[in-house]
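**Student:** I am sharing start-v6.cif, which consists of mmCIF, C-alpha atoms:
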data_coords
loop_
_atom_site.label_atom_id
_atom_site.label_comp_id
_atom_site.auth_asym_id
_atom_site.auth_seq_id
_atom_site.Cartn_x
_atom_site.Cartn_y
_atom_site.Cartn_z
CA MET A 1 0.00 0.00 0.00
CA LYS A 2 1.34 3.37 -1.05
CA PHE A 3 0.02 6.31 0.94
CA LYS A 4 -0.35 9.89 -0.23
CA ARG A 5 -0.26 12.83 2.14
CA PHE A 6 -1.33 16.30 1.01
CA THR A 7 -0.41 19.34 3.10
CA VAL A 8 -2.08 22.73 2.76
CA ASN A 9 0.72 23.77 0.39
CA ASP A 10 0.29 20.64 -1.73
CA ILE A 11 -3.43 21.39 -1.99
CA GLY A 12 -2.75 24.99 -3.00
CA ASN A 13 -0.36 23.82 -5.73
CA LEU A 14 -2.71 21.25 -7.28
CA ASP A 15 -4.05 21.74 -10.80
CA ARG A 16 -7.32 23.69 -10.50
CA ASP A 17 -9.62 20.99 -11.97
CA PHE A 18 -7.84 18.21 -10.04
CA ARG A 19 -8.27 20.14 -6.80
CA ARG A 20 -11.96 20.85 -7.51
CA ASN A 21 -12.63 17.11 -7.96
CA PHE A 22 -10.44 16.06 -5.05
CA ILE A 23 -11.75 18.51 -2.44
CA ASN A 24 -15.36 17.92 -3.52
CA CYS A 25 -14.90 14.22 -2.69
CA LEU A 26 -13.55 14.76 0.82
CA SER A 27 -16.83 15.10 2.70
CA GLY A 28 -17.87 11.60 1.55
CA PHE A 29 -21.09 10.60 -0.18
CA LYS A 30 -23.38 13.60 -0.38
CA SER A 31 -27.11 14.00 -0.61
CA VAL A 32 -28.21 15.33 -3.98
CA ASN A 33 -31.49 17.14 -4.51
CA LEU A 34 -33.18 19.17 -7.22
CA CYS A 35 -34.09 22.61 -5.88
CA GLY A 36 -37.22 24.05 -7.51
CA THR A 37 -38.01 27.77 -7.40
CA THR A 38 -39.97 30.38 -9.34
CA ASP A 39 -39.75 34.16 -9.65
CA ASP A 40 -42.82 36.30 -8.97
CA ARG A 41 -43.81 36.24 -12.65
CA GLY A 42 -43.93 32.44 -12.74
CA ASN A 43 -40.59 31.74 -14.46
CA THR A 44 -39.51 28.45 -12.90
CA ASN A 45 -35.96 27.34 -12.15
CA LEU A 46 -34.48 23.96 -11.27
CA ALA A 47 -30.97 23.43 -9.90
CA ILE A 48 -29.09 20.37 -8.67
CA MET A 49 -27.73 20.81 -5.12
CA SER A 50 -25.25 18.56 -3.32
CA SER A 51 -24.94 20.69 -0.20
CA VAL A 52 -28.29 20.14 1.49
CA VAL A 53 -27.95 19.51 5.20
CA HIS A 54 -30.30 18.55 8.03
CA LEU A 55 -30.41 21.27 10.69
CA GLY A 56 -33.09 20.18 13.12
CA ALA A 57 -36.28 18.17 13.52
CA ASN A 58 -38.44 20.49 15.63
CA PRO A 59 -38.94 22.88 13.96
CA ALA A 60 -38.04 20.87 10.86
CA LEU A 61 -35.18 22.87 9.34
CA MET A 62 -32.90 22.16 6.40
CA GLY A 63 -30.04 24.18 4.99
CA MET A 64 -28.34 24.46 1.62
CA VAL A 65 -25.00 26.04 0.79
CA ILE A 66 -25.22 28.34 -2.23
CA ARG A 67 -22.22 29.63 -4.11
CA PRO A 68 -22.28 33.22 -5.42
CA SER A 69 -22.27 31.98 -9.03
CA VAL A 70 -24.47 32.99 -11.96
CA VAL A 71 -26.30 29.65 -11.92
CA SER A 72 -27.05 29.68 -8.21
CA ARG A 73 -27.98 33.35 -8.11
CA ASN A 74 -31.24 32.65 -9.94
CA THR A 75 -32.21 30.17 -7.24
CA LEU A 76 -31.30 32.59 -4.45
CA GLU A 77 -33.14 35.55 -6.04
CA ASN A 78 -36.24 33.40 -6.56
CA ILE A 79 -36.22 32.30 -2.92
CA PHE A 80 -36.07 35.93 -1.82
CA GLU A 81 -38.88 36.90 -4.24
CA THR A 82 -41.36 34.17 -3.34
CA GLY A 83 -40.19 32.95 0.08
CA SER A 84 -40.29 29.26 -0.83
CA PHE A 85 -38.31 26.46 -2.48
CA THR A 86 -38.53 22.70 -2.92
CA PHE A 87 -36.09 19.80 -2.57
CA ASN A 88 -36.80 16.80 -4.77
CA HIS A 89 -34.96 13.49 -4.39
CA ILE A 90 -33.29 12.09 -7.51
CA SER A 91 -33.65 8.45 -8.56
CA SER A 92 -31.61 6.51 -11.14
CA GLY A 93 -33.83 7.35 -14.11
CA MET A 94 -33.53 11.10 -13.43
CA ILE A 95 -29.73 11.37 -13.14
CA ARG A 96 -29.03 12.75 -16.63
CA SER A 97 -31.81 15.33 -16.43
CA ALA A 98 -30.77 16.34 -12.92
CA HIS A 99 -27.09 16.70 -13.87
CA GLN A 100 -28.02 18.78 -16.92
CA THR A 101 -29.75 21.41 -14.73
CA ALA A 102 -26.25 22.53 -13.67
CA GLY A 103 -25.73 23.94 -17.18
CA ARG A 104 -25.56 27.72 -17.33
CA TYR A 105 -29.01 28.46 -18.75
CA ASP A 106 -30.03 32.08 -19.27
CA LYS A 107 -32.36 33.64 -16.74
CA GLY A 108 -35.96 33.19 -17.87
CA ILE A 109 -35.28 29.81 -19.47
CA SER A 110 -36.76 27.04 -17.33
CA GLU A 111 -34.51 24.07 -16.68
CA PHE A 112 -37.68 21.98 -16.29
CA ASN A 113 -38.37 22.28 -20.04
CA GLU A 114 -34.73 22.11 -21.08
CA VAL A 115 -33.97 18.85 -19.27
CA GLY A 116 -37.38 17.20 -19.63
CA LEU A 117 -38.72 17.18 -16.07
CA THR A 118 -42.29 18.09 -15.13
CA GLU A 119 -43.40 20.96 -12.90
CA PHE A 120 -45.87 20.12 -10.18
CA PHE A 121 -47.56 22.75 -8.00
CA SER A 122 -49.13 21.56 -4.77
CA GLY A 123 -51.01 24.74 -3.92
CA GLU A 124 -49.33 24.85 -0.50
CA ILE A 125 -46.30 26.89 -1.58
CA THR A 126 -45.39 28.95 -4.64
CA ALA A 127 -42.31 26.96 -5.62
CA PRO A 128 -42.61 24.09 -8.12
CA TYR A 129 -41.93 20.44 -7.33
CA VAL A 130 -40.51 17.86 -9.74
CA ALA A 131 -43.43 15.54 -10.58
CA GLU A 132 -41.07 12.61 -11.30
CA SER A 133 -39.43 12.77 -7.86
CA HIS A 134 -40.34 10.07 -5.32
CA LEU A 135 -39.74 12.33 -2.31
CA LYS A 136 -40.83 15.97 -2.50
CA ILE A 137 -40.09 18.50 0.23
CA GLY A 138 -41.53 22.01 0.36
CA LEU A 139 -39.76 24.69 2.40
CA GLU A 140 -40.39 28.25 3.51
CA PHE A 141 -37.38 30.53 3.63
CA ARG A 142 -36.23 31.39 7.18
CA GLU A 143 -32.71 32.79 7.11
CA LYS A 144 -29.72 33.51 4.84
CA ILE A 145 -26.36 33.27 6.57
CA ASP A 146 -23.15 34.57 5.00
CA ILE A 147 -20.07 32.38 5.31
CA LYS A 148 -17.30 34.99 5.40
CA SER A 149 -14.45 32.53 4.82
CA ASN A 150 -15.34 32.20 1.12
CA GLY A 151 -18.39 34.33 0.34
CA THR A 152 -20.86 31.45 0.14
CA HIS A 153 -24.28 31.47 1.80
CA LEU A 154 -26.24 29.03 3.93
CA VAL A 155 -29.93 29.26 3.09
CA VAL A 156 -32.16 27.95 5.89
CA GLY A 157 -35.73 26.79 5.27
CA GLU A 158 -38.48 25.23 7.34
CA VAL A 159 -40.12 22.07 5.98
CA VAL A 160 -43.81 22.87 5.44
CA GLU A 161 -44.82 19.99 3.13
CA VAL A 162 -43.56 16.46 2.43
CA MET A 163 -44.96 14.08 -0.19
CA LEU A 164 -44.02 10.45 -0.75
CA GLU A 165 -45.50 6.98 -1.13
CA GLU A 166 -46.77 5.60 2.16
CA ARG A 167 -44.93 2.29 1.71
CA PHE A 168 -41.56 4.06 2.05
CA ILE A 169 -42.30 5.13 5.64
CA SER A 170 -41.58 2.73 8.51
CA SER A 171 -43.69 2.49 11.66
CA ASP A 172 -41.04 4.45 13.59
CA GLY A 173 -40.64 7.20 11.01
CA ILE A 174 -37.55 6.24 9.01
CA ILE A 175 -37.84 6.54 5.26
CA ASP A 176 -36.59 3.64 3.11
CA LEU A 177 -34.47 5.76 0.80
CA GLU A 178 -33.09 2.70 -0.97
CA ALA A 179 -36.63 1.54 -1.86
CA ALA A 180 -37.54 5.08 -2.89
CA GLY A 181 -34.59 4.94 -5.32
CA THR A 182 -32.82 7.98 -3.87
CA ILE A 183 -29.25 8.18 -5.16
CA THR A 184 -26.13 9.83 -3.74
CA ILE A 185 -23.25 11.75 -5.31
CA ALA A 186 -19.49 11.74 -4.80
CA GLY A 187 -17.66 14.86 -5.87
CA LEU A 188 -19.23 16.81 -8.72
CA ASP A 189 -20.27 14.16 -11.21
CA SER A 190 -20.15 10.63 -9.73
CA TYR A 191 -23.56 9.14 -9.01
CA HIS A 192 -24.04 6.09 -6.78
CA LYS A 193 -26.87 3.96 -5.50
CA ALA A 194 -26.98 2.92 -1.85
CA SER A 195 -27.86 -0.38 -0.23
CA LYS A 196 -28.54 -1.20 3.39
CA ILE A 197 -25.84 -2.57 5.69
CA VAL A 198 -27.21 -2.24 9.21
CA ARG A 199 -29.49 -0.20 11.43
CA LEU A 200 -28.23 0.24 15.00
CA SER A 201 -29.93 1.03 18.31
CA TYR A 202 -29.48 4.27 20.25
CA PRO A 203 -25.96 4.24 21.75
CA ARG A 204 -25.42 4.44 25.51
CA PRO A 205 -22.08 4.18 27.34
CA GLY A 206 -21.41 0.61 28.47
CA LEU A 207 -24.34 -0.95 26.61
CA GLU A 208 -24.10 -3.26 23.58
CA LEU A 209 -25.61 -1.96 20.34
CA ASN A 210 -28.46 -3.98 18.85
CA GLU A 211 -29.40 -4.35 15.22
CA LEU A 212 -32.78 -2.76 14.57
CA ASP A 213 -35.38 -3.97 12.09
CA TRP A 214 -35.65 -1.74 9.08
CA PHE A 215 -39.43 -1.90 8.85
CA MET B 1 -49.73 3.48 -4.90
CA LYS B 2 -50.92 5.28 -1.81
CA PHE B 3 -49.40 8.70 -1.26
CA LYS B 4 -48.87 10.49 2.03
CA ARG B 5 -48.77 14.25 2.33
CA PHE B 6 -47.53 15.96 5.48
CA THR B 7 -48.25 19.64 6.07
CA VAL B 8 -46.40 21.79 8.58
CA ASN B 9 -49.20 21.07 11.09
CA ASP B 10 -48.98 17.32 10.48
CA ILE B 11 -45.23 17.49 11.12
CA GLY B 12 -45.75 19.47 14.32
CA ASN B 13 -48.25 16.87 15.57
CA LEU B 14 -46.07 13.81 14.89
CA ASP B 15 -44.78 11.70 17.77
CA ARG B 16 -41.41 13.14 18.80
CA ASP B 17 -39.30 10.04 17.99
CA PHE B 18 -41.16 9.44 14.72
CA ARG B 19 -40.56 13.06 13.67
CA ARG B 20 -36.87 12.88 14.59
CA ASN B 21 -36.40 9.82 12.36
CA PHE B 22 -38.58 11.16 9.56
CA ILE B 23 -37.08 14.65 9.31
CA ASN B 24 -33.54 13.29 9.61
CA CYS B 25 -34.17 11.18 6.49
CA LEU B 26 -35.42 14.06 4.32
CA SER B 27 -32.09 15.41 3.11
CA GLY B 28 -31.25 12.04 1.52
CA PHE B 29 -28.13 9.95 2.04
CA LYS B 30 -25.68 11.87 4.20
CA SER B 31 -21.95 11.80 4.56
CA VAL B 32 -20.86 10.41 7.88
CA ASN B 33 -17.50 11.18 9.46
CA LEU B 34 -15.75 10.74 12.78
CA CYS B 35 -14.64 14.11 14.13
CA GLY B 36 -11.47 13.87 16.23
CA THR B 37 -10.49 16.61 18.69
CA THR B 38 -8.43 17.08 21.85
CA ASP B 39 -8.44 19.63 24.65
CA ASP B 40 -5.24 21.48 25.53
CA ARG B 41 -4.35 18.88 28.17
CA GLY B 42 -4.44 16.03 25.65
CA ASN B 43 -7.85 14.53 26.50
CA THR B 44 -9.07 13.27 23.14
CA ASN B 45 -12.66 13.17 21.90
CA LEU B 46 -14.29 11.39 18.98
CA ALA B 47 -17.79 12.13 17.69
CA ILE B 48 -19.82 10.83 14.75
CA MET B 49 -21.07 13.65 12.49
CA SER B 50 -23.62 13.36 9.69
CA SER B 51 -23.76 17.06 8.88
CA VAL B 52 -20.41 17.64 7.20
CA VAL B 53 -20.71 19.74 4.06
CA HIS B 54 -18.35 20.85 1.29
CA LEU B 55 -18.04 24.64 1.22
CA GLY B 56 -15.38 25.37 -1.39
CA ALA B 57 -12.29 23.99 -3.10
CA ASN B 58 -9.96 27.01 -3.09
CA PRO B 59 -9.38 27.60 -0.27
CA ALA B 60 -10.44 24.06 0.64
CA LEU B 61 -13.22 24.63 3.17
CA MET B 62 -15.59 22.23 4.89
CA GLY B 63 -18.38 22.89 7.36
CA MET B 64 -20.12 20.88 10.05
CA VAL B 65 -23.39 21.63 11.80
CA ILE B 66 -23.12 21.23 15.57
CA ARG B 67 -26.09 21.04 17.90
CA PRO B 68 -25.87 22.76 21.28
CA SER B 69 -26.02 19.39 23.08
CA VAL B 70 -23.83 18.02 25.87
CA VAL B 71 -22.17 15.53 23.52
CA SER B 72 -21.34 18.04 20.81
CA ARG B 73 -20.22 20.74 23.24
CA ASN B 74 -17.03 18.79 24.03
CA THR B 75 -16.14 18.78 20.33
CA LEU B 76 -16.85 22.48 19.98
CA GLU B 77 -14.90 23.45 23.11
CA ASN B 78 -11.92 21.37 21.96
CA ILE B 79 -11.94 23.06 18.55
CA PHE B 80 -11.86 26.46 20.23
CA GLU B 81 -9.06 25.37 22.59
CA THR B 82 -6.70 23.87 20.03
CA GLY B 83 -7.88 25.38 16.72
CA SER B 84 -7.99 22.07 14.87
CA PHE B 85 -10.16 19.01 14.20
CA THR B 86 -10.14 15.96 11.95
CA PHE B 87 -12.72 14.21 9.77
CA ASN B 88 -12.22 10.47 9.31
CA HIS B 89 -14.22 8.42 6.81
CA ILE B 90 -16.04 5.38 8.16
CA SER B 91 -15.90 1.99 6.42
CA SER B 92 -18.09 -1.08 7.03
CA GLY B 93 -15.89 -2.62 9.72
CA MET B 94 -15.97 0.60 11.78
CA ILE B 95 -19.74 1.20 11.85
CA ARG B 96 -20.45 -0.15 15.35
CA SER B 97 -17.52 1.72 16.91
CA ALA B 98 -18.44 4.90 15.05
CA HIS B 99 -22.11 4.72 16.07
CA GLN B 100 -21.14 4.09 19.69
CA THR B 101 -19.22 7.41 19.86
CA ALA B 102 -22.63 9.13 19.93
CA GLY B 103 -23.16 7.79 23.44
CA ARG B 104 -23.12 10.43 26.16
CA TYR B 105 -19.66 9.83 27.63
CA ASP B 106 -18.48 12.07 30.45
CA LYS B 107 -16.01 14.82 29.62
CA GLY B 108 -12.46 13.52 30.05
CA ILE B 109 -13.35 9.99 28.94
CA SER B 110 -11.99 9.38 25.46
CA GLU B 111 -14.38 7.77 23.00
CA PHE B 112 -11.31 6.34 21.23
CA ASN B 113 -10.70 3.98 24.15
CA GLU B 114 -14.35 3.32 24.88
CA VAL B 115 -15.24 2.21 21.35
CA GLY B 116 -11.93 0.61 20.39
CA LEU B 117 -10.52 2.94 17.77
CA THR B 118 -6.89 4.06 17.64
CA GLU B 119 -5.58 7.60 17.95
CA PHE B 120 -3.10 8.72 15.33
CA PHE B 121 -1.22 12.04 15.53
CA SER B 122 0.35 13.29 12.31
CA GLY B 123 2.41 16.10 13.82
CA GLU B 124 0.81 18.60 11.43
CA ILE B 125 -2.13 19.51 13.68
CA THR B 126 -2.98 18.95 17.34
CA ALA B 127 -6.21 17.01 16.74
CA PRO B 128 -6.11 13.19 16.61
CA TYR B 129 -6.95 11.11 13.55
CA VAL B 130 -8.56 7.66 13.57
CA ALA B 131 -5.80 5.24 12.53
CA GLU B 132 -8.32 2.74 11.12
CA SER B 133 -9.89 5.31 8.75
CA HIS B 134 -9.06 5.03 5.01
CA LEU B 135 -9.46 8.75 4.39
CA LYS B 136 -8.20 11.21 6.99
CA ILE B 137 -8.74 14.96 6.74
CA GLY B 138 -7.12 17.54 9.02
CA LEU B 139 -8.69 20.97 9.39
CA GLU B 140 -7.84 24.28 11.01
CA PHE B 141 -10.74 26.19 12.55
CA ARG B 142 -11.76 29.29 10.57
CA GLU B 143 -15.21 30.46 11.65
CA LYS B 144 -18.20 29.60 13.85
CA ILE B 145 -21.54 30.76 12.50
CA ASP B 146 -24.70 30.81 14.60
CA ILE B 147 -27.88 29.60 12.94
CA LYS B 148 -30.49 31.70 14.72
CA SER B 149 -33.48 29.67 13.52
CA ASN B 150 -32.72 26.86 15.96
CA GLY B 151 -29.57 27.71 17.93
CA THR B 152 -27.24 25.35 16.07
CA HIS B 153 -23.80 26.31 14.80
CA LEU B 154 -21.93 25.90 11.54
CA VAL B 155 -18.24 25.29 12.22
CA VAL B 156 -16.03 26.13 9.24
CA GLY B 157 -12.54 24.68 8.82
CA GLU B 158 -9.83 24.80 6.19
CA VAL B 159 -8.39 21.50 4.99
CA VAL B 160 -4.68 21.49 5.86
CA GLU B 161 -3.89 17.77 5.55
CA VAL B 162 -5.34 14.79 3.68
CA MET B 163 -4.11 11.19 3.94
CA LEU B 164 -5.26 8.21 1.88
CA GLU B 165 -3.96 5.34 -0.24
CA GLU B 166 -2.72 6.52 -3.60
CA ARG B 167 -4.74 3.90 -5.51
CA PHE B 168 -8.01 5.59 -4.48
CA ILE B 169 -7.14 8.80 -6.38
CA SER B 170 -7.92 9.06 -10.10
CA SER B 171 -5.77 10.93 -12.61
CA ASP B 172 -8.27 13.80 -12.61
CA GLY B 173 -8.56 14.05 -8.86
CA ILE B 174 -11.73 12.16 -7.99
CA ILE B 175 -11.50 9.79 -5.05
CA ASP B 176 -12.95 6.30 -5.43
CA LEU B 177 -15.02 6.37 -2.25
CA GLU B 178 -16.58 3.00 -3.04
CA ALA B 179 -13.14 1.36 -3.24
CA ALA B 180 -12.07 3.18 -0.09
CA GLY B 181 -15.06 1.58 1.63
CA THR B 182 -16.64 4.87 2.70
CA ILE B 183 -20.21 4.34 3.86
CA THR B 184 -23.21 6.67 4.02
CA ILE B 185 -26.02 7.16 6.53
CA ALA B 186 -29.76 7.71 6.23
CA GLY B 187 -31.44 9.34 9.17
CA LEU B 188 -29.84 8.73 12.55
CA ASP B 189 -28.99 5.04 12.53
CA SER B 190 -29.27 3.49 9.05
CA TYR B 191 -25.93 2.71 7.43
CA HIS B 192 -25.55 2.00 3.71
CA LYS B 193 -22.81 1.16 1.26
CA ALA B 194 -22.69 2.89 -2.11
CA SER B 195 -21.97 1.54 -5.57
CA LYS B 196 -21.26 3.38 -8.79
CA ILE B 197 -23.97 4.10 -11.34
CA VAL B 198 -22.51 6.67 -13.72
CA ARG B 199 -20.08 9.57 -13.99
CA LEU B 200 -21.25 12.39 -16.28
CA SER B 201 -19.43 15.13 -18.18
CA TYR B 202 -19.66 18.84 -17.37
CA PRO B 203 -23.15 20.03 -18.41
CA ARG B 204 -23.61 22.77 -21.01
CA PRO B 205 -26.93 24.02 -22.46
CA GLY B 206 -27.78 22.24 -25.73
CA LEU B 207 -24.98 19.66 -25.48
CA GLU B 208 -25.39 15.93 -24.84
CA LEU B 209 -23.88 14.58 -21.64
CA ASN B 210 -21.15 11.93 -21.99
CA GLU B 211 -20.32 9.14 -19.61
CA LEU B 212 -16.86 9.66 -18.12
CA ASP B 213 -14.41 6.94 -17.18
CA TRP B 214 -14.07 6.47 -13.46
CA PHE B 215 -10.31 5.99 -13.46
#
Using structure tokens, write down the structure that the file contains.
**Tutor:**
Amino acid sequence: MKFKRFTVNDIGNLDRDFRRNFINCLSGFKSVNLCGTTDDRGNTNLAIMSSVVHLGANPALMGMVIRPSVVSRNTLENIFETGSFTFNHISSGMIRSAHQTAGRYDKGISEFNEVGLTEFFSGEITAPYVAESHLKIGLEFREKIDIKSNGTHLVVGEVVEVMLEERFISSDGIIDLEAAGTITIAGLDSYHKASKIVRLSYPRPGLELNELDWF
Amino acid sequence: MKFKRFTVNDIGNLDRDFRRNFINCLSGFKSVNLCGTTDDRGNTNLAIMSSVVHLGANPALMGMVIRPSVVSRNTLENIFETGSFTFNHISSGMIRSAHQTAGRYDKGISEFNEVGLTEFFSGEITAPYVAESHLKIGLEFREKIDIKSNGTHLVVGEVVEVMLEERFISSDGIIDLEAAGTITIAGLDSYHKASKIVRLSYPRPGLELNELDWF
């Protein structure tokens, strides 16, 4: 086994594209969602996001890191205009369409049409869902936090609507993401499916962990 | 197919444990890392974290959401004391030990010893790595951001050291996380392995996506 060690100087001296791929892989497998928004004239937008993070269960809060780029700015401006956004899980059959939403489309052009995904409006919030998605989450904007270290933003939303098939929900509330077909991403472009290993009981010092039933 | 729809009121009325499981699953598959820290007297701490997020590649920044709980407070205090922390990827054989670190151990008791993982000090930073981990990341503390909506914190660090086997790194910088054995978590307790589906080329409006080689 040959080991590689990268110091901060090594990282700074890496080729730009190499470093982008490498650093993007470091956090591990990431959640990947399609974020649906609309401006106040009804122009919809759809953007793939691999930086969605759970913040809390009560109130139900989720965050997403947004870069100050042209592509992401449309999403951010729409959230400010309408106060809502959606997260839509991606399954295997949607990967190409989802990945294509990261293209730099002009403002006013809807990624829904360009990539062949279908808008769905629930009536509960202004933002559009992706009809094809097996797990749809509607959020109301709560807070934008500036990350000074690199000029990115953390957008915080409260979950106000969730839609999925009943059979994916266990009696104790866990969602069978494997059965729902939810995929995961490594780095910027590497899509993976996930399969169950084990579910473990709540850990307490000095007590053995038990395997829990999935459903 | 029977669909379930949860409104914000439905979510508020859910059983507390059900809601905790359910909301924790919404973001999709999450990265899961062991965060190693030490206080300034050398008492080490190890905590499982499923809220690590990529923030940027240049400078290489990563964030982690920390709850204001007893367990997480030790990690946060140690980061403030020494200015550094580590993220260590978890592979299948480490799941039980990693999960057990979430137990509420008293301050001063090292989770390394309690769960049977080995401290490794690189000399580059003060914080301890997990020797058994196949991908070790060392970070220097940069910023703590308060998320007002629920009193959690986003801790931002700069990557100053990365250690892994050379064979996991592709010529263009992506890391083969499947080969490295990195696992992913759904919700609070459901561990999964990931397997490759497809790697796609950089998306541009009007252009077909190509499948990229993995290595």
**Student:** I would like the residues chosen by the PyMOL selection byres ((chain A and resi 42-56) around 6) on the shown file; could you give them as a list in words?
**Tutor:**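 That expression, the PyMOL selection byres ((chain A and resi 42-56) around 6), corresponds here to Ser31, Val32, Asn33, Leu34, Cys35, Gly36, Thr37, Thr38, Asp39, Asp40, Arg41, Ala57, Asn58, Ala60, Leu61, Met62, Gly63, Met64, Val65, Thr101, Gly108, Ser110 and Glu111 of chain A.
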**Student:** Next, dump the selected residues to file, keeping only C-alpha atoms, as a tab-separated table (two decimals), in the frame of the given file.
**Tutor:**
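Saved to part_35.tsv:
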chain	number	residue	atom	x	y	z
A	31	SER	CA	-27.11	14.00	-0.61
A	32	VAL	CA	-28.21	15.33	-3.98
A	33	ASN	CA	-31.49	17.14	-4.51
A	34	LEU	CA	-33.18	19.17	-7.22
A	35	CYS	CA	-34.09	22.61	-5.88
A	36	GLY	CA	-37.22	24.05	-7.51
A	37	THR	CA	-38.01	27.77	-7.40
A	38	THR	CA	-39.97	30.38	-9.34
A	39	ASP	CA	-39.75	34.16	-9.65
A	40	ASP	CA	-42.82	36.30	-8.97
A	41	ARG	CA	-43.81	36.24	-12.65
A	57	ALA	CA	-36.28	18.17	13.52
A	58	ASN	CA	-38.44	20.49	15.63
A	60	ALA	CA	-38.04	20.87	10.86
A	61	LEU	CA	-35.18	22.87	9.34
A	62	MET	CA	-32.90	22.16	6.40
A	63	GLY	CA	-30.04	24.18	4.99
A	64	MET	CA	-28.34	24.46	1.62
A	65	VAL	CA	-25.00	26.04	0.79
A	101	THR	CA	-29.75	21.41	-14.73
A	108	GLY	CA	-35.96	33.19	-17.87
A	110	SER	CA	-36.76	27.04	-17.33
A	111	GLU	CA	-34.51	24.07	-16.68
**Student:** Choose the residue, out of A:Ile185, A:Leu207, A:Val162, A:Ala179, that has the smallest atom-to-atom separation from chain B; count only C-alpha atoms.
**Tutor:**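 Among the listed residues, the smallest separation from chain B belongs to A:Val162.
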**Student:** Suppose you want the space between atom CA of His89 of chain B and atom CA of Lys196 of chain A; what is it in Å?
**Tutor:** 17.6 Å
**Student:** Please determine the contact residues of chain A with respect to chain B at a cut-off of 6 Å, counting only C-alpha atoms, and supply them as a VMD selection string.
**Tutor:** chain A and resid 2 to 8 18 20 to 23 28 to 31 57 100 103 160 to 166 172 to 174 189 to 200 203 to 205
**Student:** Please compute the atom CA of Thr82 of chain A-atom CA of Ile109 of chain A distance, one decimal, in Å.
**Tutor:**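 About the pair atom CA of Thr82 of chain A and atom CA of Ile109 of chain A: they are 17.8 Å apart.
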**Student:** Find the residues near Ala131 of chain B: any atom within 6 Å, counting all atoms listed in the file, skip ones fewer than 5 places away on the same chain, and give them as a PyMOL selection string.
**Tutor:** chain B and resi 118-120
